[in-house]
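Reviewing the structure listed below.
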Amino acid sequence: MAQVEPDRVLTEALAEIEATSDLTSLEAIRVRLLGRKGEVTAHLRAVSSLPKDERPAAGQAWNRVRGGLEGALEAREAALGSPGADTPSDDDFDFSLPGRRPPEGLPHVLMQTLDRLVEIFRSLGFSVADGPEVETTHYNFTALNIPEDHPTRDDHDSFFLAPDLLLRTQMSPVQIRTMEAQEPPVRVISPGRVYRRDHFDASHSPFFFQMEGLYVDTDVTLGDLKGTLREFVRRFFGKELGMRFRGSYFPFTEPSLELDISCTVCEGQGCAVCKQTGWVEILGCGMVHPNVLRGVGYDPEVVSGYAFGMGPDRITMLRHRIPDIRHLYENDLRFLSQFRGAS
Ligand SMILES: [Zn+2]
């Protein structure tokens with residue numbers, strides 16, 4: 001045994017370890033060389049039976065081999081993966097197994113509604129207008145013909161930040177800003193978030209979405225308004241639905257109307273959602289009040305316009321039969337993931 005060169009054994013074994021591609025083969029090399037009956041182990045044992053003067057050199061040489069191998073095995077094992085885990089080779093890979101789908105995100109159901117509203121009204125010739133969420137009382141109330149003593153100005157309804165500054169309670173300020181910035185014709189929608197001091201319950205939230213529309217031009221009539229809304233209902237709900245307009249009151253429109261559609265849940269038969277009437281209100285609308293037109297520098301003798309405002313939260317709930325508005329704001333993925341591609 002003394003004639004076997006320790007350096008040659010080490011060199012060959014290191015090359016073999018380096019070429020190993022899995023932990024099983026690596027373990028086999030370790031057993032063959034360093035195991036209880038391994039080749040290097042045998043050389044180390046044989047040192048004691050050598051002539052006395054040869055023992056120190058041989059012992060040092062084979063110990064160096066063992067140390068080198070242990071280091072190389074450890075490094076290779078770390079490179080190949082954790083101990084005990086087998087690294088799959090191409091032979092282990094079953095290409096016929098079904099793949100695992102990574103979780104896929106989707107737009108929030110409210111965003112799907114807003115996208116759809118924008119898409120429908122864009123195709124009807126409206127463009128999208130935006131404005132600040134923090135408004136002055138002038139834009140939020142005064143310019144909209146809402147008198148000083150009107151109950152919506154009460155601080156029980158609005159979040160005031162300063163005497164003249166509040167979180168907008170409606171999207172109408174955007175209409176005023178748009179009309180101030182351009183001459184008629186104006187044809188815009190303004191979707192966005194509004195704030196009111198309501199308690200969170202099944203049908204109220206202190207913040208919610210609104211989308212308002214405005215069309216001002218020469219000769220805009222109530223007939224134009226009704227025609228546009230009929231087309232909107234047909235496209236949004238995907239079918240012809242019964243519609244009825246009821247007289248109402250808003251400070252910024254005259255006349256003012258509310259639009260009911262036949263209940264989408266019971267098809268007009270009567271249910272809890274429509275309170276057994278067969279009808280549900282979906283929006284308020286009317287012809288823009290002459291005071292509002294005058295306030296932005298338009299001449300109500302020359303131009304006229306209509307405006308409408310709807311609640312995307314409410315129509316989302318009606319369309320998907322969602323009984324509680326809080327579902328829309330709790331961000332529970334088990335709830336939200338139901339609306340994949342719902343728009
Ligand atoms: Zn109903």
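Following the order of the structure tokens, first chain is A, next is B, and so on, with residues numbered from 1 inside each chain and ligands from 1 in the order they appear.
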
Can you pull out every residue within 10 Å of Leu257 of chain A, counting only C-alpha atoms, but drop anything in the same chain fewer than 4 positions away, and send it as a PyMOL selection string? chain A and resi 244-250+253+283-287+308

Quick check for you: according to DSSP on this backbone, which residues of segment 79-273 of chain A are classed as alpha helix (DSSP H)? Reply as a PyMOL selection string. chain A and resi 79-80+109-123+137-140+172-181+222-237

Suppose we keep N, CA and C atoms; can you now write the selection as a tab-separated table (two decimals), in the first residue's frame?
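out_17.tsv was written with the following content:
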chain	number	residue	atom	x	y	z
A	79	ALA	N	-23.33	23.01	-2.62
A	79	ALA	CA	-23.65	23.53	-3.96
A	79	ALA	C	-24.82	22.80	-4.58
A	80	LEU	N	-24.96	21.52	-4.25
A	80	LEU	CA	-26.02	20.72	-4.89
A	80	LEU	C	-27.37	20.84	-4.18
A	109	VAL	N	-63.87	44.82	-7.85
A	109	VAL	CA	-65.17	44.82	-8.54
A	109	VAL	C	-65.68	46.25	-8.77
A	110	LEU	N	-65.35	47.17	-7.85
A	110	LEU	CA	-65.76	48.57	-8.03
A	110	LEU	C	-65.02	49.21	-9.21
A	111	MET	N	-63.73	48.88	-9.31
A	111	MET	CA	-62.94	49.41	-10.43
A	111	MET	C	-63.46	48.86	-11.75
A	112	GLN	N	-63.92	47.59	-11.73
A	112	GLN	CA	-64.48	47.02	-12.94
A	112	GLN	C	-65.72	47.80	-13.37
A	113	THR	N	-66.56	48.18	-12.37
A	113	THR	CA	-67.74	48.98	-12.68
A	113	THR	C	-67.35	50.34	-13.25
A	114	LEU	N	-66.37	51.01	-12.59
A	114	LEU	CA	-65.95	52.33	-13.05
A	114	LEU	C	-65.38	52.26	-14.47
A	115	ASP	N	-64.56	51.23	-14.72
A	115	ASP	CA	-63.99	51.08	-16.07
A	115	ASP	C	-65.09	50.93	-17.10
A	116	ARG	N	-66.11	50.16	-16.72
A	116	ARG	CA	-67.20	49.91	-17.66
A	116	ARG	C	-68.02	51.18	-17.91
A	117	LEU	N	-68.26	51.95	-16.84
A	117	LEU	CA	-68.99	53.21	-16.99
A	117	LEU	C	-68.23	54.15	-17.92
A	118	VAL	N	-66.92	54.26	-17.68
A	118	VAL	CA	-66.11	55.15	-18.51
A	118	VAL	C	-66.14	54.69	-19.97
A	119	GLU	N	-66.03	53.39	-20.16
A	119	GLU	CA	-66.04	52.84	-21.52
A	119	GLU	C	-67.35	53.16	-22.24
A	120	ILE	N	-68.47	52.97	-21.53
A	120	ILE	CA	-69.79	53.22	-22.14
A	120	ILE	C	-69.95	54.70	-22.49
A	121	PHE	N	-69.64	55.58	-21.53
A	121	PHE	CA	-69.86	57.00	-21.80
A	121	PHE	C	-68.84	57.58	-22.78
A	122	ARG	N	-67.64	57.03	-22.79
A	122	ARG	CA	-66.67	57.46	-23.81
A	122	ARG	C	-67.23	57.20	-25.20
A	123	SER	N	-67.83	56.00	-25.36
A	123	SER	CA	-68.36	55.64	-26.68
A	123	SER	C	-69.55	56.52	-27.04
A	137	THR	N	-65.65	75.47	-0.08
A	137	THR	CA	-67.12	75.50	0.02
A	137	THR	C	-67.71	76.16	-1.23
A	138	HIS	N	-66.95	77.04	-1.87
A	138	HIS	CA	-67.46	77.67	-3.09
A	138	HIS	C	-67.77	76.62	-4.16
A	139	TYR	N	-66.77	75.73	-4.44
A	139	TYR	CA	-66.99	74.74	-5.50
A	139	TYR	C	-67.93	73.62	-5.06
A	140	ASN	N	-67.87	73.28	-3.77
A	140	ASN	CA	-68.68	72.15	-3.32
A	140	ASN	C	-70.16	72.54	-3.12
A	172	SER	N	-69.89	67.00	-8.28
A	172	SER	CA	-70.31	68.19	-9.04
A	172	SER	C	-69.27	69.30	-9.12
A	173	PRO	N	-68.41	69.51	-8.07
A	173	PRO	CA	-67.39	70.57	-8.21
A	173	PRO	C	-66.55	70.41	-9.48
A	174	VAL	N	-66.33	69.18	-9.90
A	174	VAL	CA	-65.54	68.95	-11.12
A	174	VAL	C	-66.26	69.54	-12.34
A	175	GLN	N	-67.59	69.48	-12.33
A	175	GLN	CA	-68.35	70.05	-13.45
A	175	GLN	C	-68.16	71.57	-13.50
A	176	ILE	N	-68.19	72.20	-12.31
A	176	ILE	CA	-68.00	73.65	-12.26
A	176	ILE	C	-66.61	74.02	-12.77
A	177	ARG	N	-65.60	73.30	-12.28
A	177	ARG	CA	-64.22	73.58	-12.70
A	177	ARG	C	-64.06	73.38	-14.21
A	178	THR	N	-64.71	72.34	-14.75
A	178	THR	CA	-64.61	72.08	-16.19
A	178	THR	C	-65.26	73.21	-17.00
A	179	MET	N	-66.45	73.65	-16.55
A	179	MET	CA	-67.15	74.71	-17.29
A	179	MET	C	-66.39	76.03	-17.21
A	180	GLU	N	-65.76	76.28	-16.05
A	180	GLU	CA	-64.97	77.51	-15.92
A	180	GLU	C	-63.78	77.51	-16.88
A	181	ALA	N	-63.28	76.30	-17.15
A	181	ALA	CA	-62.04	76.20	-17.94
A	181	ALA	C	-62.29	76.16	-19.44
A	222	LEU	N	-84.30	67.77	-22.39
A	222	LEU	CA	-84.58	66.66	-21.50
A	222	LEU	C	-84.67	65.35	-22.30
A	223	GLY	N	-85.11	65.45	-23.55
A	223	GLY	CA	-85.18	64.27	-24.42
A	223	GLY	C	-83.80	63.68	-24.66
A	224	ASP	N	-82.78	64.57	-24.83
A	224	ASP	CA	-81.40	64.10	-25.02
A	224	ASP	C	-80.95	63.34	-23.78
A	225	LEU	N	-81.29	63.89	-22.61
A	225	LEU	CA	-80.91	63.26	-21.34
A	225	LEU	C	-81.51	61.86	-21.24
A	226	LYS	N	-82.81	61.76	-21.51
A	226	LYS	CA	-83.49	60.47	-21.40
A	226	LYS	C	-82.92	59.46	-22.39
A	227	GLY	N	-82.65	59.91	-23.60
A	227	GLY	CA	-82.10	59.01	-24.62
A	227	GLY	C	-80.73	58.47	-24.22
A	228	THR	N	-79.89	59.36	-23.68
A	228	THR	CA	-78.54	58.96	-23.26
A	228	THR	C	-78.61	57.95	-22.12
A	229	LEU	N	-79.51	58.22	-21.15
A	229	LEU	CA	-79.60	57.33	-20.00
A	229	LEU	C	-80.20	55.97	-20.39
A	230	ARG	N	-81.12	55.99	-21.35
A	230	ARG	CA	-81.69	54.72	-21.81
A	230	ARG	C	-80.60	53.84	-22.43
A	231	GLU	N	-79.73	54.49	-23.23
A	231	GLU	CA	-78.64	53.77	-23.87
A	231	GLU	C	-77.65	53.25	-22.82
A	232	PHE	N	-77.38	54.06	-21.80
A	232	PHE	CA	-76.49	53.64	-20.72
A	232	PHE	C	-77.05	52.40	-20.00
A	233	VAL	N	-78.33	52.42	-19.64
A	233	VAL	CA	-78.93	51.29	-18.92
A	233	VAL	C	-78.87	50.02	-19.77
A	234	ARG	N	-79.18	50.18	-21.06
A	234	ARG	CA	-79.17	49.01	-21.95
A	234	ARG	C	-77.77	48.40	-22.02
A	235	ARG	N	-76.76	49.26	-22.13
A	235	ARG	CA	-75.39	48.72	-22.26
A	235	ARG	C	-74.85	48.21	-20.93
A	236	PHE	N	-75.14	48.93	-19.85
A	236	PHE	CA	-74.53	48.53	-18.58
A	236	PHE	C	-75.13	47.23	-18.06
A	237	PHE	N	-76.45	47.10	-18.13
A	237	PHE	CA	-77.07	45.89	-17.59
A	237	PHE	C	-77.22	44.81	-18.66

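When the distance limit is 8 Å and only C-alpha atoms are what count, the residues near segment 150-167 of chain A, minus those fewer than 3 positions from it on the same chain, are A:Glu133, A:Val134, A:Glu135, A:Thr136, A:Thr137, A:His138, A:Phe141, A:Ile146, A:Pro147, A:Val194, A:Tyr195, A:Arg196, A:Arg197, A:Asp198.
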
Take the residues just selected and output them with N, CA and C atoms as a PDB file, in the first residue's frame.
ATOM      1  N   GLU A 133     -59.846  66.230  -4.377  1.00  0.00           N
ATOM      2  CA  GLU A 133     -60.735  65.648  -3.366  1.00  0.00           C
ATOM      3  C   GLU A 133     -60.959  66.625  -2.214  1.00  0.00           C
ATOM      4  N   VAL A 134     -59.997  67.511  -1.982  1.00  0.00           N
ATOM      5  CA  VAL A 134     -60.196  68.576  -0.988  1.00  0.00           C
ATOM      6  C   VAL A 134     -60.715  69.795  -1.754  1.00  0.00           C
ATOM      7  N   GLU A 135     -61.911  70.253  -1.378  1.00  0.00           N
ATOM      8  CA  GLU A 135     -62.564  71.326  -2.122  1.00  0.00           C
ATOM      9  C   GLU A 135     -62.843  72.525  -1.231  1.00  0.00           C
ATOM     10  N   THR A 136     -63.100  73.635  -1.865  1.00  0.00           N
ATOM     11  CA  THR A 136     -63.564  74.818  -1.124  1.00  0.00           C
ATOM     12  C   THR A 136     -65.083  74.768  -1.059  1.00  0.00           C
ATOM     13  N   THR A 137     -65.653  75.469  -0.080  1.00  0.00           N
ATOM     14  CA  THR A 137     -67.120  75.504   0.019  1.00  0.00           C
ATOM     15  C   THR A 137     -67.710  76.164  -1.232  1.00  0.00           C
ATOM     16  N   HIS A 138     -66.949  77.043  -1.866  1.00  0.00           N
ATOM     17  CA  HIS A 138     -67.456  77.670  -3.092  1.00  0.00           C
ATOM     18  C   HIS A 138     -67.769  76.615  -4.165  1.00  0.00           C
ATOM     19  N   PHE A 141     -70.414  73.825  -2.803  1.00  0.00           N
ATOM     20  CA  PHE A 141     -71.801  74.241  -2.508  1.00  0.00           C
ATOM     21  C   PHE A 141     -72.248  75.466  -3.302  1.00  0.00           C
ATOM     22  N   ILE A 146     -76.282  75.859  -3.987  1.00  0.00           N
ATOM     23  CA  ILE A 146     -76.698  75.335  -2.682  1.00  0.00           C
ATOM     24  C   ILE A 146     -76.597  76.480  -1.678  1.00  0.00           C
ATOM     25  N   PRO A 147     -77.734  76.978  -1.210  1.00  0.00           N
ATOM     26  CA  PRO A 147     -77.724  78.161  -0.340  1.00  0.00           C
ATOM     27  C   PRO A 147     -77.028  77.915   1.002  1.00  0.00           C
ATOM     28  N   VAL A 194     -66.014  60.328  -3.007  1.00  0.00           N
ATOM     29  CA  VAL A 194     -66.582  61.434  -2.238  1.00  0.00           C
ATOM     30  C   VAL A 194     -66.729  61.013  -0.774  1.00  0.00           C
ATOM     31  N   TYR A 195     -66.912  61.998   0.098  1.00  0.00           N
ATOM     32  CA  TYR A 195     -66.872  61.747   1.547  1.00  0.00           C
ATOM     33  C   TYR A 195     -68.063  62.386   2.253  1.00  0.00           C
ATOM     34  N   ARG A 196     -68.699  61.595   3.123  1.00  0.00           N
ATOM     35  CA  ARG A 196     -69.777  62.155   3.944  1.00  0.00           C
ATOM     36  C   ARG A 196     -69.726  61.523   5.322  1.00  0.00           C
ATOM     37  N   ARG A 197     -70.198  62.284   6.295  1.00  0.00           N
ATOM     38  CA  ARG A 197     -70.110  61.780   7.669  1.00  0.00           C
ATOM     39  C   ARG A 197     -71.229  60.806   7.970  1.00  0.00           C
ATOM     40  N   ASP A 198     -71.182  59.659   7.311  1.00  0.00           N
ATOM     41  CA  ASP A 198     -72.143  58.585   7.565  1.00  0.00           C
ATOM     42  C   ASP A 198     -71.465  57.494   8.371  1.00  0.00           C
TER      43      ASP A 198
END

Give the residue list for ligand 1 at 8 Å, counting only C-alpha atoms and all ligand atoms, as an MDAnalysis selection string, sorted by chain and then by residue number. chainID A and resid 262:280

For a test of reading the model, state the distance in Å between atom CA of Pro56 of chain A and atom CA of Arg30 of chain A, rounded to one decimal.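 Going from atom CA of Pro56 of chain A over to atom CA of Arg30 of chain A, I get 24.8 Å.
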
How many Å lie between atom CA of Asp92 of chain A and atom CA of Leu23 of chain A, rounded to one decimal? 14.2 Å

Do you know which residues are at most 12 Å from Gly71 of chain A counting only C-alpha atoms, after dropping those on the same chain fewer than 3 positions away, and could you put them as JSON, numbers by chain? {"A": [10, 13, 14, 17, 18, 30, 64, 65, 66, 67, 68, 74, 75, 76, 77, 78]}

Emit the selected residues as a compact mmCIF listing (two decimals), in the first residue's frame, including C-alpha atoms.
# COMPACT_ATOMS: atom_id res chain seq x y z
CA LEU A 10 -6.71 13.05 -3.96
CA ALA A 13 -11.24 12.02 -6.22
CA LEU A 14 -11.50 15.82 -6.34
CA ILE A 17 -16.51 15.10 -6.76
CA GLU A 18 -16.54 18.20 -8.93
CA ARG A 30 -17.87 9.54 0.33
CA ARG A 64 -4.11 15.50 4.16
CA VAL A 65 -6.04 13.43 1.62
CA ARG A 66 -8.88 12.83 4.11
CA GLY A 67 -9.04 16.52 5.03
CA GLY A 68 -9.07 17.58 1.39
CA GLU A 74 -18.93 19.41 2.04
CA ALA A 75 -18.59 22.22 -0.52
CA ARG A 76 -20.11 20.11 -3.27
CA GLU A 77 -23.00 19.08 -1.05
CA ALA A 78 -23.77 22.71 -0.26

Counting only C-alpha atoms, which of A:Ser49, A:Gln210, A:Thr11, A:Asn63 gets nearest to Leu34 of chain A? A:Asn63

Hey, what's within 10 Å of Val302 of chain A if we count only C-alpha atoms and toss same-chain stuff fewer than 2 positions away? As a PyMOL selection string, please? chain A and resi 217-219+298-300+304

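Distance-wise, atom CA of Ser337 of chain A and atom CA of Leu106 of chain A end up 7.6 Å apart.
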
Min atom-atom distance to Glu16 of chain A from the set A:Leu73, A:Leu50, A:Arg45, A:Met317, counting only C-alpha atoms, belongs to A:Leu73

In segment 224-322 of chain A, what's strand (DSSP E) per DSSP? Answer as a PyMOL selection string? chain A and resi 243-250+253-262+279-288+304-310

Distance query Val47 of chain A at most 8 Å, only C-alpha atoms, self and fewer than 3 positions along chain excluded, as JSON, numbers by chain: {"A": [43, 44, 50, 55, 58, 59]}

Pick out the residues sitting within 8 Å of segment 331-336 of chain A, and hand them over as a PDB file with N, CA and C atoms, in the first residue's frame; count only C-alpha atoms, and ignore anything fewer than 3 positions along from it in its own chain.
ATOM      1  N   HIS A 108     -60.416  45.310  -8.632  1.00  0.00           N
ATOM      2  CA  HIS A 108     -61.495  45.316  -7.647  1.00  0.00           C
ATOM      3  C   HIS A 108     -62.828  45.469  -8.385  1.00  0.00           C
ATOM      4  N   VAL A 109     -63.872  44.820  -7.854  1.00  0.00           N
ATOM      5  CA  VAL A 109     -65.170  44.824  -8.543  1.00  0.00           C
ATOM      6  C   VAL A 109     -65.676  46.251  -8.767  1.00  0.00           C
ATOM      7  N   HIS A 327     -68.820  45.034   2.139  1.00  0.00           N
ATOM      8  CA  HIS A 327     -68.037  44.034   1.375  1.00  0.00           C
ATOM      9  C   HIS A 327     -67.107  44.719   0.379  1.00  0.00           C
ATOM     10  N   LEU A 328     -67.534  45.885  -0.130  1.00  0.00           N
ATOM     11  CA  LEU A 328     -66.748  46.566  -1.159  1.00  0.00           C
ATOM     12  C   LEU A 328     -65.492  47.211  -0.597  1.00  0.00           C
ATOM     13  N   PHE A 339     -65.323  37.990  -8.553  1.00  0.00           N
ATOM     14  CA  PHE A 339     -65.707  38.870  -9.645  1.00  0.00           C
ATOM     15  C   PHE A 339     -64.652  38.924 -10.742  1.00  0.00           C
TER      16      PHE A 339
END
